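Undergrad: Enclosed is the structure file my_file-v1.txt (compact mmCIF, C-alpha atoms and all ligand atoms).
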```
# COMPACT_ATOMS: atom_id res chain seq x y z
CA MET I 291 0.00 0.00 0.00
CA ARG I 292 1.14 3.49 -0.78
CA VAL I 293 0.45 6.12 1.88
CA VAL I 294 0.72 9.88 1.27
CA LEU I 295 0.64 12.37 4.13
CA LEU I 296 -1.36 15.10 2.39
CA GLY I 297 -1.50 17.33 5.46
CA THR I 298 -0.12 17.09 8.99
CA ALA I 299 -1.50 20.08 10.95
CA ALA I 300 -4.40 20.23 13.38
CA GLY I 301 -7.48 22.33 12.69
CA GLY I 302 -6.45 25.80 11.56
CA GLY I 303 -3.26 24.60 9.89
CA PHE I 304 0.24 25.94 10.45
CA PRO I 305 0.54 28.89 10.44
CA GLN I 306 -2.99 29.43 11.66
CA TRP I 307 -4.62 32.45 10.04
CA ASN I 308 -5.46 34.21 13.32
CA CYS I 309 -2.44 33.24 15.41
CA ALA I 310 0.47 35.62 16.03
CA CYS I 311 2.54 33.25 18.20
CA ALA I 312 6.28 32.92 17.59
CA LEU I 313 5.91 29.57 15.80
CA CYS I 314 3.23 30.83 13.42
CA ALA I 315 5.24 34.00 12.78
CA ALA I 316 8.31 31.87 11.96
CA ALA I 317 6.26 29.82 9.52
CA ARG I 318 4.99 33.01 7.82
CA ASP I 319 8.63 34.11 7.53
CA GLY I 320 9.50 30.83 5.84
CA LYS I 321 11.73 29.77 8.76
CA LEU I 322 9.57 26.76 9.65
CA PRO I 323 7.76 24.48 7.21
CA SER I 324 4.06 25.30 6.82
CA ARG I 325 1.59 22.45 7.20
CA THR I 326 -1.88 21.97 5.77
CA GLN I 327 -4.70 20.41 7.76
CA GLU I 328 -4.45 16.73 8.52
CA CYS I 329 -5.43 14.31 5.77
CA VAL I 330 -3.99 11.09 4.28
CA ALA I 331 -4.36 9.33 0.92
CA LEU I 332 -3.72 5.63 0.41
CA THR I 333 -3.98 2.98 -2.28
CA GLY I 334 -3.42 -0.75 -2.59
CA ASN I 335 -3.09 -0.84 -6.35
CA GLY I 336 -1.99 2.65 -7.46
CA ARG I 337 -5.33 3.21 -9.25
CA ASP I 338 -7.98 3.36 -6.55
CA TRP I 339 -7.17 5.99 -3.92
CA TRP I 340 -8.91 6.52 -0.60
CA LEU I 341 -8.76 9.59 1.62
CA LEU I 342 -8.49 9.31 5.37
CA ASN I 343 -10.50 12.38 6.39
CA ALA I 344 -11.26 15.31 4.11
CA SER I 345 -9.56 18.49 5.22
CA PRO I 346 -10.65 21.96 4.11
CA ASP I 347 -7.25 22.07 2.35
CA ILE I 348 -8.09 19.05 0.21
CA ARG I 349 -8.17 21.01 -3.05
CA ALA I 350 -4.55 22.19 -2.62
CA GLN I 351 -3.52 18.76 -1.30
CA LEU I 352 -4.93 16.93 -4.33
CA THR I 353 -3.37 19.48 -6.66
CA ALA I 354 0.04 18.97 -5.03
CA THR I 355 -0.09 15.18 -5.42
CA ALA I 356 0.32 13.92 -9.00
CA ALA I 357 -1.03 10.44 -8.21
CA LEU I 358 -4.36 12.05 -7.31
CA TRP I 359 -4.74 14.19 -10.40
CA PRO I 360 -7.84 13.64 -12.56
CA GLY I 361 -7.84 11.74 -15.82
CA PRO I 362 -7.72 10.15 -18.33
CA GLY I 363 -11.30 11.30 -19.00
CA PRO I 364 -12.07 14.96 -18.31
CA ARG I 365 -13.91 14.20 -15.03
CA ASP I 366 -12.25 10.90 -14.06
CA THR I 367 -10.64 10.85 -10.64
CA PRO I 368 -8.70 8.15 -8.82
CA VAL I 369 -10.37 9.26 -5.56
CA ARG I 370 -12.91 6.57 -4.67
CA GLY I 371 -13.97 7.71 -1.25
CA VAL I 372 -13.28 9.03 2.23
CA LEU I 373 -12.90 7.30 5.59
CA LEU I 374 -13.80 9.69 8.41
CA THR I 375 -12.33 9.19 11.88
CA ASP I 376 -14.63 11.77 13.48
CA ALA I 377 -16.94 14.67 12.71
CA GLU I 378 -14.54 17.53 13.54
CA ALA I 379 -14.74 20.46 11.15
CA ASP I 380 -11.11 20.03 10.05
CA HIS I 381 -11.79 16.39 9.08
CA VAL I 382 -15.14 16.69 7.31
CA SER I 383 -15.36 20.12 5.72
CA GLY I 384 -13.30 18.99 2.72
CA LEU I 385 -16.31 16.92 1.67
CA THR I 386 -17.84 20.13 0.34
CA VAL I 387 -14.80 20.57 -1.92
CA LEU I 388 -15.38 17.06 -3.34
CA ARG I 389 -19.08 17.70 -4.05
CA GLY I 390 -20.26 16.42 -7.39
CA ALA I 391 -17.72 13.58 -7.61
CA PRO I 392 -19.72 10.59 -8.85
CA ASP I 393 -20.18 7.51 -6.66
CA LEU I 394 -17.93 8.61 -3.83
CA LYS I 395 -18.13 6.26 -0.86
CA VAL I 396 -17.92 7.79 2.62
CA TYR I 397 -17.40 5.68 5.74
CA ALA I 398 -18.24 7.10 9.15
CA ALA I 399 -19.27 5.87 12.60
CA PRO I 400 -23.02 6.18 13.36
CA PRO I 401 -22.89 9.40 15.45
CA VAL I 402 -20.74 11.05 12.78
CA GLY I 403 -23.20 10.00 10.07
CA THR I 404 -26.10 11.29 12.13
CA VAL I 405 -24.64 14.73 12.80
CA LEU I 406 -23.67 15.03 9.14
CA ALA I 407 -27.22 14.20 7.94
CA PRO I 408 -28.01 17.75 6.76
CA ALA I 409 -24.67 17.98 4.92
CA ARG I 410 -25.22 14.51 3.44
CA GLY I 411 -28.57 15.60 2.05
CA ALA I 412 -26.99 18.67 0.50
CA LEU I 413 -23.98 16.81 -0.93
CA ASP I 414 -26.16 14.07 -2.40
CA ARG I 415 -27.96 16.69 -4.47
CA TYR I 416 -24.69 17.42 -6.33
CA ALA I 417 -24.07 13.69 -6.95
CA PRO I 418 -25.45 10.83 -4.89
CA TRP I 419 -22.78 9.33 -2.66
CA GLN I 420 -22.76 6.04 -0.79
CA TRP I 421 -22.68 6.62 2.97
CA ALA I 422 -21.58 3.57 4.94
CA ASP I 423 -21.23 2.65 8.61
CA SER I 424 -17.52 2.32 9.35
CA LEU I 425 -18.31 0.27 12.45
CA ALA I 426 -20.45 -2.36 10.69
CA ASP I 427 -19.57 -5.89 11.83
CA GLY I 428 -16.59 -7.45 10.11
CA GLY I 429 -15.15 -4.25 8.71
CA PHE I 430 -15.02 -3.55 4.98
CA VAL I 431 -12.88 -4.03 1.90
CA LEU I 432 -11.76 -1.13 -0.29
CA ALA I 433 -11.15 -1.40 -4.03
CA GLY I 434 -7.45 -2.03 -4.44
CA GLY I 435 -7.24 -4.87 -1.92
CA LEU I 436 -7.33 -3.03 1.40
CA VAL I 437 -9.14 -4.55 4.37
CA VAL I 438 -10.30 -2.05 6.97
CA THR I 439 -11.62 -2.22 10.49
CA ALA I 440 -12.68 0.79 12.54
CA HIS I 441 -12.20 0.94 16.30
CA PRO I 442 -13.84 3.41 18.69
CA VAL I 443 -11.11 5.28 20.57
CA GLY I 444 -12.87 8.30 22.02
CA ALA I 445 -16.07 10.17 22.74
CA LYS I 446 -15.00 13.75 21.98
CA VAL I 447 -17.98 15.60 20.51
CA PRO I 448 -17.27 18.44 18.06
CA ALA I 449 -18.05 21.91 19.40
CA TYR I 450 -20.79 22.56 16.84
CA VAL I 451 -22.90 19.53 17.82
CA PRO I 452 -26.12 20.41 19.70
CA PRO I 453 -26.52 18.71 23.11
CA GLU I 454 -29.45 16.53 22.00
CA LEU I 455 -27.21 14.84 19.42
CA ALA I 456 -24.15 14.61 21.66
CA GLU I 457 -25.40 11.97 24.05
CA ALA I 458 -27.12 9.24 22.05
CA ASP I 459 -24.05 7.28 20.92
CA GLY I 460 -20.57 7.80 22.36
CA ARG I 461 -18.60 6.41 19.43
CA TRP I 462 -17.59 9.80 18.08
CA VAL I 463 -13.94 9.05 17.38
CA THR I 464 -12.48 6.00 15.67
CA ALA I 465 -9.11 4.71 14.58
CA TYR I 466 -8.69 2.75 11.35
CA ARG I 467 -6.64 -0.38 10.86
CA VAL I 468 -5.87 -0.82 7.15
CA GLU I 469 -4.27 -4.03 5.88
CA ASP I 470 -2.96 -4.56 2.37
CA LEU I 471 -3.88 -8.14 1.45
CA ALA I 472 -1.05 -8.36 -1.09
CA THR I 473 1.85 -7.16 1.05
CA GLY I 474 0.48 -7.88 4.53
CA GLY I 475 1.37 -4.31 5.52
CA VAL I 476 -0.77 -2.82 8.29
CA LEU I 477 -1.38 0.87 8.92
CA LEU I 478 -2.97 2.16 12.11
CA TYR I 479 -4.44 5.63 11.66
CA ALA I 480 -5.47 7.40 14.88
CA PRO I 481 -5.27 11.21 14.51
CA CYS I 482 -7.67 11.92 17.37
CA VAL I 483 -6.92 10.12 20.64
CA GLY I 484 -8.10 11.56 23.96
CA ALA I 485 -6.84 8.78 26.18
CA TRP I 486 -4.64 5.73 25.69
CA SER I 487 -6.37 2.33 25.93
CA ASP I 488 -5.66 -1.39 25.79
CA VAL I 489 -7.29 -1.42 22.36
CA LEU I 490 -4.66 0.99 21.09
CA ASP I 491 -1.88 -1.16 22.52
CA GLU I 492 -3.33 -4.21 20.72
CA LEU I 493 -3.66 -2.30 17.44
CA CYS I 494 -0.11 -0.88 17.70
CA ALA I 495 1.29 -4.32 18.45
CA GLU I 496 0.22 -5.62 15.04
CA ALA I 497 0.83 -2.46 13.00
CA ASP I 498 3.78 -1.81 10.70
CA CYS I 499 3.10 1.92 10.82
CA VAL I 500 1.20 4.04 13.35
CA LEU I 501 -0.01 7.51 12.40
CA LEU I 502 -0.90 9.03 15.74
CA ASP I 503 -2.47 12.15 17.23
CA GLY I 504 0.37 14.57 17.95
CA THR I 505 -1.81 17.65 18.44
CA PHE I 506 -0.21 18.84 21.68
CA PHE I 507 3.26 18.21 23.06
CA SER I 508 2.43 19.14 26.64
CA ALA I 509 -0.72 19.22 28.76
CA ASP I 510 -0.51 22.96 29.43
CA GLU I 511 0.42 24.02 25.93
CA MET I 512 -2.47 26.37 25.37
CA GLY I 513 -2.14 27.87 28.82
CA THR I 514 -5.39 26.36 30.05
CA ALA I 515 -4.25 23.59 32.38
CA ALA I 516 -4.37 23.94 36.12
CA PRO I 517 -1.61 21.84 37.73
CA THR I 518 -4.16 19.22 38.73
CA GLY I 519 -6.54 19.77 35.82
CA PRO I 520 -7.02 17.75 32.70
CA GLY I 521 -5.30 20.29 30.43
CA GLN I 522 -5.25 19.58 26.74
CA ALA I 523 -6.51 16.04 27.24
CA ALA I 524 -9.89 17.67 27.95
CA MET I 525 -9.76 18.91 24.37
CA GLY I 526 -9.76 15.31 23.19
CA HIS I 527 -6.06 15.05 22.45
CA LEU I 528 -3.68 13.12 24.66
CA PRO I 529 -0.42 15.10 24.89
CA VAL I 530 2.82 13.62 23.57
CA SER I 531 4.96 14.17 26.67
CA GLY I 532 4.61 13.17 30.30
CA PRO I 533 4.46 9.85 32.12
CA HIS I 534 0.99 9.12 30.71
CA GLY I 535 1.56 10.80 27.35
CA SER I 536 1.45 9.11 23.97
CA LEU I 537 5.25 8.99 23.57
CA ALA I 538 5.52 6.72 26.62
CA ALA I 539 2.83 4.49 25.09
CA LEU I 540 4.52 4.40 21.68
CA ALA I 541 7.79 3.39 23.36
CA ARG I 542 6.14 0.01 24.00
CA HIS I 543 5.88 -0.58 20.25
CA PRO I 544 9.34 -0.12 18.75
CA ARG I 545 8.67 -2.60 15.90
CA ALA I 546 6.28 -0.21 14.15
CA ARG I 547 7.21 2.90 12.24
CA ARG I 548 5.61 5.62 14.39
CA ILE I 549 4.70 9.07 13.07
CA TYR I 550 2.97 12.00 14.78
CA THR I 551 0.42 13.95 12.80
CA HIS I 552 -2.40 16.52 13.38
CA LEU I 553 0.17 18.92 14.94
CA ASN I 554 -1.33 22.04 16.50
CA ASN I 555 0.32 25.39 15.77
CA THR I 556 1.23 25.62 19.48
CA ASN I 557 3.21 22.34 19.39
CA PRO I 558 7.01 22.78 19.51
CA LEU I 559 7.30 19.65 17.35
CA VAL I 560 6.63 21.90 14.33
CA ASP I 561 10.16 23.25 14.88
CA PRO I 562 12.82 20.72 13.76
CA ALA I 563 15.35 22.39 16.10
CA SER I 564 13.19 22.12 19.23
CA ARG I 565 14.05 20.03 22.30
CA ALA I 566 10.64 18.43 21.93
CA ARG I 567 11.59 17.20 18.49
CA ALA I 568 14.88 15.77 19.80
CA GLN I 569 13.00 13.97 22.59
CA VAL I 570 10.60 12.36 20.13
CA ALA I 571 13.40 11.44 17.73
CA ALA I 572 15.34 9.80 20.58
CA GLU I 573 12.39 7.40 20.97
CA GLY I 574 12.53 6.63 17.25
CA VAL I 575 9.24 8.44 16.58
CA GLU I 576 8.99 10.65 13.50
CA VAL I 577 7.53 14.04 12.59
CA LEU I 578 7.30 14.42 8.83
CA PRO I 579 6.48 17.27 6.47
CA ASP I 580 3.40 17.38 4.24
CA GLY I 581 3.63 15.42 1.01
CA ILE I 582 5.72 12.47 2.23
CA GLU I 583 4.88 9.13 0.63
CA PHE I 584 5.84 5.69 1.91
CA ALA I 585 4.93 2.05 1.26
CA LEU I 586 3.73 -0.70 3.57
C1 LIG W 1 -9.83 19.06 17.19
O1 LIG W 1 -9.13 18.24 16.58
O2 LIG W 1 -9.84 19.10 18.43
C2 LIG W 1 -10.70 19.95 16.42
O3 LIG W 1 -10.39 19.86 15.08
C3 LIG W 1 -10.67 21.35 16.93
C4 LIG W 1 -11.22 22.29 15.92
O4 LIG W 1 -12.43 22.38 15.74
O5 LIG W 1 -10.42 22.95 15.24
MN MN W 2 -8.79 18.41 14.53
ZN ZN W 3 0.41 29.99 16.42
```
Will you turn the file into structure tokens for me?
Ligand code: MLT
Ligand code: MN
Ligand code: ZN

TA:
Amino acid sequence: MRVVLLGTAAGGGFPQWNCACALCAAARDGKLPSRTQECVALTGNGRDWWLLNASPDIRAQLTATAALWPGPGPRDTPVRGVLLTDAEADHVSGLTVLRGAPDLKVYAAPPVGTVLAPARGALDRYAPWQWADSLADGGFVLAGGLVVTAHPVGAKVPAYVPPELAEADGRWVTAYRVEDLATGGVLLYAPCVGAWSDVLDELCAEADCVLLDGTFFSADEMGTAAPTGPGQAAMGHLPVSGPHGSLAALARHPRARRIYTHLNNTNPLVDPASRARAQVAAEGVEVLPDGIEFAL
């Protein structure tokens, strides 16, 4: 399977349009690499491509990636569908950019599908899409020979969801395990993780590559954490550092290639010269720029 990291920033991107912090300023000055909002493309056969989430930057991301260009017919596209991990605005709003694409298949967990119902109705009027339950028993197979299972990993509800929709079903956030039947390669994609779990340890143990939530490096990064408070974890993103952070969890899985993605503009990992970056590298965990492709 070929995997392309189309974008690696959290919601807002890097630099974020309304942020004047030192990191965002350095990115505007060209001193740090800019990052578009988090999104991945993958394929098992080089012809049928699937998006993991649809960022609002998807137009620029598709344009920057030759394998995803349209053709040979004037409206042909190799993009077959989208696998949503959650209903966050930075992961679903790219669907509006894709409107009108014929026969797109979109996988989402039930609460995500429910909250997107009005958008689904609108998008289906451009071209009818197939909306599927990502958590249906037994998983699903994607054209190109990829076998997928979705795994609930969190209950973070997007800020725009009204309370009456927030409580019915807690499976708001999922991770995807994608296996290439031809190569046996296994990708674990978990860009939104609020708390570590045994399920994640089991999934990491059998993955060749883990793409993990690296939104925040530390629990007090946005200046909101009281010493005893939940800090950034309350925002649905387990921080990288600390005794209970994701880096300590990833250290248990040295066999897998491990990559942080969905980096917030406040995260020092966006700076290759930061101590945070050295700490992550010392564990063998990677932070990569947009546009990187690798095979599993
Ligand atoms: C998140 O990942 O926590 C959300 O994307 C936040 C947001 O709405 O930007
Ligand atoms: Mn996000
Ligand atoms: Zn900033």

Undergrad: Of the candidates I:Ser383, I:Ala399, I:Glu573, I:Thr353, which shows the shortest atom-to-atom distance to ligand MN 2 (chain W), using all atoms listed in the file?

TA: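 Using all atoms listed in the file, ligand MN 2 (chain W) sits closest to I:Ser383.
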
Undergrad: Around (-7.4, 9.2, 1.1), as given in the file, which residues come within 7 Å? Count only C-alpha atoms and list them as a list of chain:residue names.

TA: I:Val330, I:Ala331, I:Leu332, I:Trp339, I:Trp340, I:Leu341, I:Leu342, I:Asn343, I:Val372

Undergrad: Report, in Å to a single decimal, how far apart atom CA of I:Thr551 and atom CA of I:Gly444 are.

TA: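 These two atoms are separated by 17.1 Å.
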
Undergrad: For chain I versus ligand LIG 1 (chain W), which residues have an atom no more than 8 Å away, and what is each residue's nearest atom pair and distance in Å rounded to one decimal, using all atoms listed in the file, chain-then-number order, as a Markdown table?

TA:
```
| residue | atom | partner | partner_atom | distance |
| --- | --- | --- | --- | --- |
| I:Ala300 | CA | W:LIG1 | O1 | 6.0 |
| I:Gly301 | CA | W:LIG1 | O5 | 3.9 |
| I:Gly302 | CA | W:LIG1 | O5 | 6.1 |
| I:Glu378 | CA | W:LIG1 | O3 | 5.0 |
| I:Ala379 | CA | W:LIG1 | O4 | 5.5 |
| I:Asp380 | CA | W:LIG1 | O3 | 5.1 |
| I:His381 | CA | W:LIG1 | O3 | 7.1 |
| I:Pro448 | CA | W:LIG1 | O4 | 6.7 |
| I:Ala449 | CA | W:LIG1 | O4 | 6.7 |
| I:Cys482 | CA | W:LIG1 | O1 | 6.5 |
| I:Thr505 | CA | W:LIG1 | O1 | 7.6 |
| I:Met525 | CA | W:LIG1 | O2 | 5.9 |
| I:Gly526 | CA | W:LIG1 | O2 | 6.1 |
| I:His527 | CA | W:LIG1 | O2 | 6.8 |
| I:His552 | CA | W:LIG1 | O1 | 7.6 |
```

Undergrad: Please provide the set of residues having any atom within 9 Å of I:Val382, restricted to all atoms listed in the file, with same-chain residues fewer than 3 positions apart removed, written as a compact mmCIF listing (two decimals) with C-alpha atoms, keeping the file's coordinate frame.

TA:
```txt
# COMPACT_ATOMS: atom_id res chain seq x y z
CA ASN I 343 -10.50 12.38 6.39
CA ALA I 344 -11.26 15.31 4.11
CA SER I 345 -9.56 18.49 5.22
CA PRO I 346 -10.65 21.96 4.11
CA LEU I 374 -13.80 9.69 8.41
CA ASP I 376 -14.63 11.77 13.48
CA ALA I 377 -16.94 14.67 12.71
CA GLU I 378 -14.54 17.53 13.54
CA ALA I 379 -14.74 20.46 11.15
CA LEU I 385 -16.31 16.92 1.67
CA THR I 386 -17.84 20.13 0.34
CA LEU I 406 -23.67 15.03 9.14
```

Undergrad: Taking all atoms listed in the file into account, name the residue in I:Cys329, I:Leu537, I:Leu394, I:Val489 that is nearest to I:Ser508.

TA: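 Using all atoms listed in the file, the shortest distance to I:Ser508 belongs to I:Leu537.
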
Undergrad: Counting all atoms listed in the file, I want the residues whose atoms come within 12 Å of (-10.4, -2.9, 14.8) in the file frame, returned as a PyMOL selection string.

TA: chain I and resi 424-430+437-443+464-469+476-480+489-494+496-497

Undergrad: Could you give me, as a ChimeraX atom specification, the residues within 12 Å of stretch 315-326 of chain I, counting all atoms listed in the file and dropping anything in the same chain fewer than 4 positions from it?

TA: /I:295-311,330,344-352,354,380-381,551-556,558-564,577-582

Undergrad: Please output stretch 342-362 of chain I, rebuilt to include N, CA and C atoms, as a PDB file, in the frame of the given file.

TA:
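Final output, saved to out.pdb:
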```pdb
ATOM      1  N   LEU I 342      -8.192   9.425   3.950  1.00  0.00           N
ATOM      2  CA  LEU I 342      -8.490   9.310   5.370  1.00  0.00           C
ATOM      3  C   LEU I 342      -8.737  10.739   5.852  1.00  0.00           C
ATOM      4  N   ASN I 343      -9.994  11.041   6.084  1.00  0.00           N
ATOM      5  CA  ASN I 343     -10.500  12.380   6.390  1.00  0.00           C
ATOM      6  C   ASN I 343     -10.409  13.293   5.159  1.00  0.00           C
ATOM      7  N   ALA I 344     -11.199  14.352   5.216  1.00  0.00           N
ATOM      8  CA  ALA I 344     -11.260  15.310   4.110  1.00  0.00           C
ATOM      9  C   ALA I 344     -11.080  16.700   4.693  1.00  0.00           C
ATOM     10  N   SER I 345      -9.862  17.204   4.599  1.00  0.00           N
ATOM     11  CA  SER I 345      -9.560  18.490   5.220  1.00  0.00           C
ATOM     12  C   SER I 345     -10.047  19.630   4.333  1.00  0.00           C
ATOM     13  N   PRO I 346     -10.271  20.809   4.945  1.00  0.00           N
ATOM     14  CA  PRO I 346     -10.650  21.960   4.110  1.00  0.00           C
ATOM     15  C   PRO I 346      -9.563  22.355   3.128  1.00  0.00           C
ATOM     16  N   ASP I 347      -8.349  21.814   3.296  1.00  0.00           N
ATOM     17  CA  ASP I 347      -7.250  22.070   2.350  1.00  0.00           C
ATOM     18  C   ASP I 347      -7.183  21.032   1.236  1.00  0.00           C
ATOM     19  N   ILE I 348      -8.202  20.204   1.102  1.00  0.00           N
ATOM     20  CA  ILE I 348      -8.090  19.050   0.210  1.00  0.00           C
ATOM     21  C   ILE I 348      -7.851  19.467  -1.257  1.00  0.00           C
ATOM     22  N   ARG I 349      -8.390  20.589  -1.667  1.00  0.00           N
ATOM     23  CA  ARG I 349      -8.170  21.010  -3.050  1.00  0.00           C
ATOM     24  C   ARG I 349      -6.673  21.201  -3.330  1.00  0.00           C
ATOM     25  N   ALA I 350      -5.995  21.958  -2.447  1.00  0.00           N
ATOM     26  CA  ALA I 350      -4.550  22.190  -2.620  1.00  0.00           C
ATOM     27  C   ALA I 350      -3.776  20.889  -2.456  1.00  0.00           C
ATOM     28  N   GLN I 351      -4.231  20.030  -1.547  1.00  0.00           N
ATOM     29  CA  GLN I 351      -3.520  18.760  -1.300  1.00  0.00           C
ATOM     30  C   GLN I 351      -3.615  17.843  -2.511  1.00  0.00           C
ATOM     31  N   LEU I 352      -4.786  17.762  -3.126  1.00  0.00           N
ATOM     32  CA  LEU I 352      -4.930  16.930  -4.330  1.00  0.00           C
ATOM     33  C   LEU I 352      -4.126  17.512  -5.488  1.00  0.00           C
ATOM     34  N   THR I 353      -4.111  18.825  -5.571  1.00  0.00           N
ATOM     35  CA  THR I 353      -3.370  19.480  -6.660  1.00  0.00           C
ATOM     36  C   THR I 353      -1.868  19.270  -6.516  1.00  0.00           C
ATOM     37  N   ALA I 354      -1.400  19.139  -5.281  1.00  0.00           N
ATOM     38  CA  ALA I 354       0.040  18.970  -5.030  1.00  0.00           C
ATOM     39  C   ALA I 354       0.512  17.528  -5.180  1.00  0.00           C
ATOM     40  N   THR I 355      -0.422  16.606  -5.434  1.00  0.00           N
ATOM     41  CA  THR I 355      -0.090  15.180  -5.420  1.00  0.00           C
ATOM     42  C   THR I 355      -0.440  14.563  -6.773  1.00  0.00           C
ATOM     43  N   ALA I 356       0.569  14.334  -7.608  1.00  0.00           N
ATOM     44  CA  ALA I 356       0.320  13.920  -9.000  1.00  0.00           C
ATOM     45  C   ALA I 356      -0.504  12.641  -9.082  1.00  0.00           C
ATOM     46  N   ALA I 357      -0.296  11.719  -8.151  1.00  0.00           N
ATOM     47  CA  ALA I 357      -1.030  10.440  -8.210  1.00  0.00           C
ATOM     48  C   ALA I 357      -2.529  10.650  -8.072  1.00  0.00           C
ATOM     49  N   LEU I 358      -2.932  11.799  -7.561  1.00  0.00           N
ATOM     50  CA  LEU I 358      -4.360  12.050  -7.310  1.00  0.00           C
ATOM     51  C   LEU I 358      -4.983  12.982  -8.343  1.00  0.00           C
ATOM     52  N   TRP I 359      -4.212  13.307  -9.367  1.00  0.00           N
ATOM     53  CA  TRP I 359      -4.740  14.190 -10.400  1.00  0.00           C
ATOM     54  C   TRP I 359      -5.828  13.488 -11.211  1.00  0.00           C
ATOM     55  N   PRO I 360      -6.775  14.249 -11.756  1.00  0.00           N
ATOM     56  CA  PRO I 360      -7.840  13.640 -12.560  1.00  0.00           C
ATOM     57  C   PRO I 360      -7.329  13.128 -13.900  1.00  0.00           C
ATOM     58  N   GLY I 361      -8.154  12.279 -14.510  1.00  0.00           N
ATOM     59  CA  GLY I 361      -7.840  11.740 -15.820  1.00  0.00           C
ATOM     60  C   GLY I 361      -8.088  10.250 -15.865  1.00  0.00           C
ATOM     61  N   PRO I 362      -7.996   9.560 -17.020  1.00  0.00           N
ATOM     62  CA  PRO I 362      -7.720  10.150 -18.330  1.00  0.00           C
ATOM     63  C   PRO I 362      -8.909  10.905 -18.924  1.00  0.00           C
TER      64      PRO I 362
END
```
